[in-house]
Amino acid sequence: MSSISSAVFHRQLTRELPRAVHAEGVWITDAEGRRFIDGSGGPLVVNVGHGRAEIARAVADQIAACDYVHPTMFTGEPVETLASRLAALAPPGIERFYFMTSGSEANETAFKLARQIHLERGEANRYRLISRWKSYHGLSMGALGATGRTGFRTPFAPMLPENHHIPAPYCYRCSFGLTHPACGLRCAEALEELILDLGPGTVSAFLAETVSGATIAAVLPPEGYFQRIREICDRYGVLLILDEVLCGLGRTGKWFASEHYDVVPDLVTMGKGLSGGAIGLSAVGVQGRWFDAIRKGSGAFAHGGTFSHHQVGCAAGNAVLDILEREALVPRVASLGAKLGEMLHQRLGGHPHVGHIRGTGFLWGVEFVADRDQRKPFGRQEKVAERIWDHLWADGILLYKAMGLNGIDGDAMVVGPPFIITEADMQRIVDALGAAVDATLGG
Ligand SMILES: Cc1ncc(COP(=O)(O)O)c(C=O)c1O
């Protein structure tokens, strides 16, 4: 239980949290001297490794030089530079960047921005947001409305804003019982069907994680999915928002995951790895033509925040981009990611309770099943992901668990190490995961 000597309302209340005192590279050390390999970079955030002195210096220098200015009164070098650098890296046409501090805020900013773009264009009836089941977009009220993860939604369901969800492109558990490509991308067609049902002139935007993150553990969209989604959005004047908070900025072996699928969003959100975890920083990228609609229209986006466009956060973001570029970490993720996939397949592919291994770059998911032929998930009461995770913890390996893959039941583990990990440490993680699965579910 949580320590009675602590005044902190911790996120984890069922066990005593050790105090972390040092973090460097892929390692975290606690106050008792125990060491852990951070095999998922926390929640897929520590992209460039822990304890990068360069980020610390950039942050300290910026605080010393100019700690805070109100974003409606001043701009500054770190904000301008980070936006320009992101514009050069982002999908074509994404030219302007609005900075916030968390992924949830970035998504809520994108929902509001989409709505205001329609208002500026004289389409005042467009306000509805469509997203997908089995998705994660954050837990603040607006972001949770879009999130399609049952366990997080249910307690607050009566309070959530109106929102609509279509099935996820989760071929291993296809909502329509079909198989790709014979399915004709039924899960993408569901978007058109829902737009027509809601009334095409009422839909503002469709939101999707380009690669599914922690909810269903690194599920990749089937071939052709995003092209079809883009066509449907274009046909009905619906803006496409891609959530790359988790999968963006190199995690999949490309700067933006959308590059894998030849799709250009109207808006793209990012967070997590943008600061490497050192400080809260997120962003919304928007196509220049939509930015112009606002600039030439009302002239102001009715949004903001005390900590938006923060010079210190953006200084950290620039230091992260410096590291990614200088150490060529994005191509490293692409090539070593394939190796990580091979290691996982080799060690776990034949296990009778491993149903599916998927992923790309440094974003991999291993899904566990009670029955492999039937793809039957373990009941949630069996707490399979938690038991495997506990075993890994005792072994000094940290991974990210995914639970409730069919809405309620189902378990998976996400492997997503910092981009600087050695091959030997990758193997160590995979071996530990194999041992934890054997110990929990039998060899
Ligand atoms: C895809 C995705 N979107 C949004 C978020 C929310 O980000 P934050 O926790 O910074 O609010 C997350 C966090 O895990 C995420 O994975």
# chains A, B, ... in the order shown; residues from 1 in each chain; ligands from 1

call {"tool": "residues_near_ligand", "arguments": {"ligand": "ligand 1", "cutoff": "10 Å", "atoms": "only C-alpha atoms and all ligand atoms", "output": "ChimeraX atom specification"}}
result
/A:42-45,100-108,135-140,143-144,147,208-215,242-248,269-273,277,280-282

call {"tool": "closest_atom_pairs", "arguments": {"of": "range 279-369 of chain A", "to": "range 427-433 of chain A", "cutoff": "9 Å", "atoms": "only C-alpha atoms", "output": "tab-separated table"}}
result
residue	atom	partner	partner_atom	distance
A:Leu340	CA	A:Gln427	CA	7.9
A:Met343	CA	A:Val430	CA	6.7
A:Leu344	CA	A:Val430	CA	6.1
A:Arg347	CA	A:Asp431	CA	7.1
A:Leu348	CA	A:Val430	CA	8.4

call {"tool": "closest_residue", "arguments": {"among": "A:Pro221, A:Gly349, A:Gly201, A:Pro158", "to": "Cys174 in chain A", "atoms": "only C-alpha atoms"}}
result
A:Pro221

call {"tool": "closest_residue", "arguments": {"among": "A:Val312, A:Leu441, A:Val330, A:Thr422", "to": "Arg57 in chain A", "atoms": "only C-alpha atoms"}}
result
A:Val312

call {"tool": "residues_around", "arguments": {"residues": "Ile63 in chain A", "least_positions_apart": "5", "cutoff": "12 Å", "atoms": "only C-alpha atoms", "output": "number ranges by chain"}}
result
A: 56-58, 68-69, 78, 310-316

call {"tool": "write_last_selection", "arguments": {"atoms": "N, CA and C atoms", "output": "compact mmCIF listing (two decimals), in the first residue's frame"}}
result
# COMPACT_ATOMS: atom_id res chain seq x y z
N ALA A 56 20.09 18.83 -20.54
CA ALA A 56 20.15 19.54 -19.25
C ALA A 56 20.77 20.93 -19.44
N ARG A 57 21.86 20.98 -20.23
CA ARG A 57 22.53 22.27 -20.45
C ARG A 57 21.62 23.23 -21.21
N ALA A 58 20.95 22.70 -22.24
CA ALA A 58 20.08 23.57 -23.06
C ALA A 58 18.98 24.17 -22.19
N TYR A 68 10.87 32.86 -18.82
CA TYR A 68 9.46 32.85 -19.20
C TYR A 68 9.06 34.16 -19.84
N VAL A 69 8.34 34.05 -20.93
CA VAL A 69 7.66 35.22 -21.49
C VAL A 69 6.27 34.77 -21.91
N PRO A 78 14.37 29.63 -29.23
CA PRO A 78 14.12 28.17 -29.20
C PRO A 78 12.81 27.78 -29.85
N HIS A 310 6.47 27.29 -24.81
CA HIS A 310 7.45 27.56 -23.75
C HIS A 310 8.89 27.48 -24.26
N GLN A 311 9.62 28.55 -23.99
CA GLN A 311 11.00 28.63 -24.50
C GLN A 311 11.87 27.50 -23.93
N VAL A 312 11.64 27.18 -22.66
CA VAL A 312 12.50 26.18 -22.01
C VAL A 312 12.21 24.79 -22.59
N GLY A 313 10.92 24.48 -22.74
CA GLY A 313 10.55 23.19 -23.34
C GLY A 313 11.10 23.07 -24.75
N CYS A 314 10.98 24.16 -25.52
CA CYS A 314 11.46 24.11 -26.91
C CYS A 314 12.99 24.03 -26.96
N ALA A 315 13.67 24.61 -25.98
CA ALA A 315 15.14 24.46 -25.93
C ALA A 315 15.48 22.98 -25.76
N ALA A 316 14.72 22.28 -24.92
CA ALA A 316 14.93 20.84 -24.76
C ALA A 316 14.65 20.12 -26.09

call {"tool": "residues_around", "arguments": {"residues": "Pro418 in chain A", "least_positions_apart": "3", "cutoff": "6 Å", "atoms": "only C-alpha atoms", "output": "count of residues only"}}
result
6

call {"tool": "closest_residue", "arguments": {"among": "A:Ile229, A:Leu329, A:Ala20, A:Ala188", "to": "Phe176 in chain A", "atoms": "only C-alpha atoms"}}
result
A:Ala188

call {"tool": "select_by_dssp", "arguments": {"residues": "range 264-328 of chain A", "states": "strand (DSSP E or B)", "output": "list in words"}}
result
Leu267, Val268, Thr269, Met270, Ser282, Ala283, Val284, Gly285, Val286 and Gln287 of chain A

call {"tool": "residues_around", "arguments": {"residues": "Asp266 in chain A", "least_positions_apart": "2", "cutoff": "12 Å", "atoms": "only C-alpha atoms", "output": "PyMOL selection string"}}
result
chain A and resi 90-96+110-111+113-114+117+204-207+230+233-234+237-243+258+263-264+268-269+284-291

call {"tool": "write_last_selection", "arguments": {"atoms": "C-alpha atoms", "output": "PDB file, in the first residue's frame"}}
result
ATOM      1  CA  ALA A  90       7.239  16.905 -41.123  1.00  0.00           C
ATOM      2  CA  PRO A  91       5.025  15.601 -43.942  1.00  0.00           C
ATOM      3  CA  PRO A  92       4.746  18.037 -46.882  1.00  0.00           C
ATOM      4  CA  GLY A  93       2.509  21.036 -46.263  1.00  0.00           C
ATOM      5  CA  ILE A  94       2.725  20.823 -42.455  1.00  0.00           C
ATOM      6  CA  GLU A  95       4.239  24.247 -41.902  1.00  0.00           C
ATOM      7  CA  ARG A  96       3.098  25.700 -38.580  1.00  0.00           C
ATOM      8  CA  ALA A 110      -5.979  19.837 -32.662  1.00  0.00           C
ATOM      9  CA  PHE A 111      -9.713  19.172 -32.095  1.00  0.00           C
ATOM     10  CA  LEU A 113      -8.119  23.927 -34.349  1.00  0.00           C
ATOM     11  CA  ALA A 114     -10.024  21.668 -36.763  1.00  0.00           C
ATOM     12  CA  ILE A 117     -10.680  26.002 -39.469  1.00  0.00           C
ATOM     13  CA  SER A 204     -15.137  18.195 -38.360  1.00  0.00           C
ATOM     14  CA  ALA A 205     -12.302  15.686 -38.117  1.00  0.00           C
ATOM     15  CA  PHE A 206     -11.207  12.072 -37.964  1.00  0.00           C
ATOM     16  CA  LEU A 207      -8.485  11.247 -35.451  1.00  0.00           C
ATOM     17  CA  ARG A 230      -7.538  10.004 -46.697  1.00  0.00           C
ATOM     18  CA  CYS A 233     -11.856  12.458 -45.486  1.00  0.00           C
ATOM     19  CA  ASP A 234     -11.265  14.402 -48.689  1.00  0.00           C
ATOM     20  CA  GLY A 237     -14.459  17.674 -46.262  1.00  0.00           C
ATOM     21  CA  VAL A 238     -13.337  16.034 -43.009  1.00  0.00           C
ATOM     22  CA  LEU A 239      -9.906  16.985 -41.621  1.00  0.00           C
ATOM     23  CA  LEU A 240      -7.516  14.115 -40.872  1.00  0.00           C
ATOM     24  CA  ILE A 241      -5.662  14.393 -37.548  1.00  0.00           C
ATOM     25  CA  LEU A 242      -2.905  11.844 -37.013  1.00  0.00           C
ATOM     26  CA  ASP A 243      -1.855  11.309 -33.409  1.00  0.00           C
ATOM     27  CA  SER A 258       2.747   8.624 -41.669  1.00  0.00           C
ATOM     28  CA  VAL A 263      -0.457   9.719 -46.177  1.00  0.00           C
ATOM     29  CA  VAL A 264      -0.333  13.403 -45.359  1.00  0.00           C
ATOM     30  CA  VAL A 268      -0.440  15.968 -36.706  1.00  0.00           C
ATOM     31  CA  THR A 269       0.116  15.832 -32.965  1.00  0.00           C
ATOM     32  CA  VAL A 284       0.385  20.278 -33.155  1.00  0.00           C
ATOM     33  CA  GLY A 285       1.597  20.622 -36.721  1.00  0.00           C
ATOM     34  CA  VAL A 286      -0.896  22.049 -39.204  1.00  0.00           C
ATOM     35  CA  GLN A 287      -0.923  22.470 -42.956  1.00  0.00           C
ATOM     36  CA  GLY A 288       0.000  25.981 -44.091  1.00  0.00           C
ATOM     37  CA  ARG A 289      -3.277  26.401 -45.973  1.00  0.00           C
ATOM     38  CA  TRP A 290      -5.295  25.811 -42.797  1.00  0.00           C
ATOM     39  CA  PHE A 291      -3.081  28.145 -40.807  1.00  0.00           C
TER      40      PHE A 291
END

call {"tool": "closest_residue", "arguments": {"among": "A:Val79, A:Leu274, A:Ala435, A:Arg19", "to": "Ala31 in chain A", "atoms": "only C-alpha atoms"}}
result
A:Arg19

call {"tool": "closest_residue", "arguments": {"among": "A:Gly145, A:Gly224, A:Pro200, A:Pro155", "to": "Glu123 in chain A", "atoms": "only C-alpha atoms"}}
result
A:Pro200

call {"tool": "atom_distance", "arguments": {"atom1": "CA of Glu193 in chain A", "atom2": "CA of His165 in chain A"}}
result
11.6 Å

call {"tool": "residues_around", "arguments": {"residues": "Arg34 in chain A", "least_positions_apart": "5", "cutoff": "12 Å", "atoms": "only C-alpha atoms", "output": "NGL selection string"}}
result
:A and (18-23 or 27-29 or 393-397)

call {"tool": "residues_around", "arguments": {"residues": "Phe99 in chain A", "least_positions_apart": "2", "cutoff": "6 Å", "atoms": "only C-alpha atoms", "output": "count of residues only"}}
result
4

call {"tool": "atom_distance", "arguments": {"atom1": "CA of Glu386 in chain A", "atom2": "CA of Ala7 in chain A"}}
result
26.2 Å

call {"tool": "closest_residue", "arguments": {"among": "A:Gly359, A:Gly365, A:Gly250, A:Gly276", "to": "Arg332 in chain A", "atoms": "only C-alpha atoms"}}
result
A:Gly250
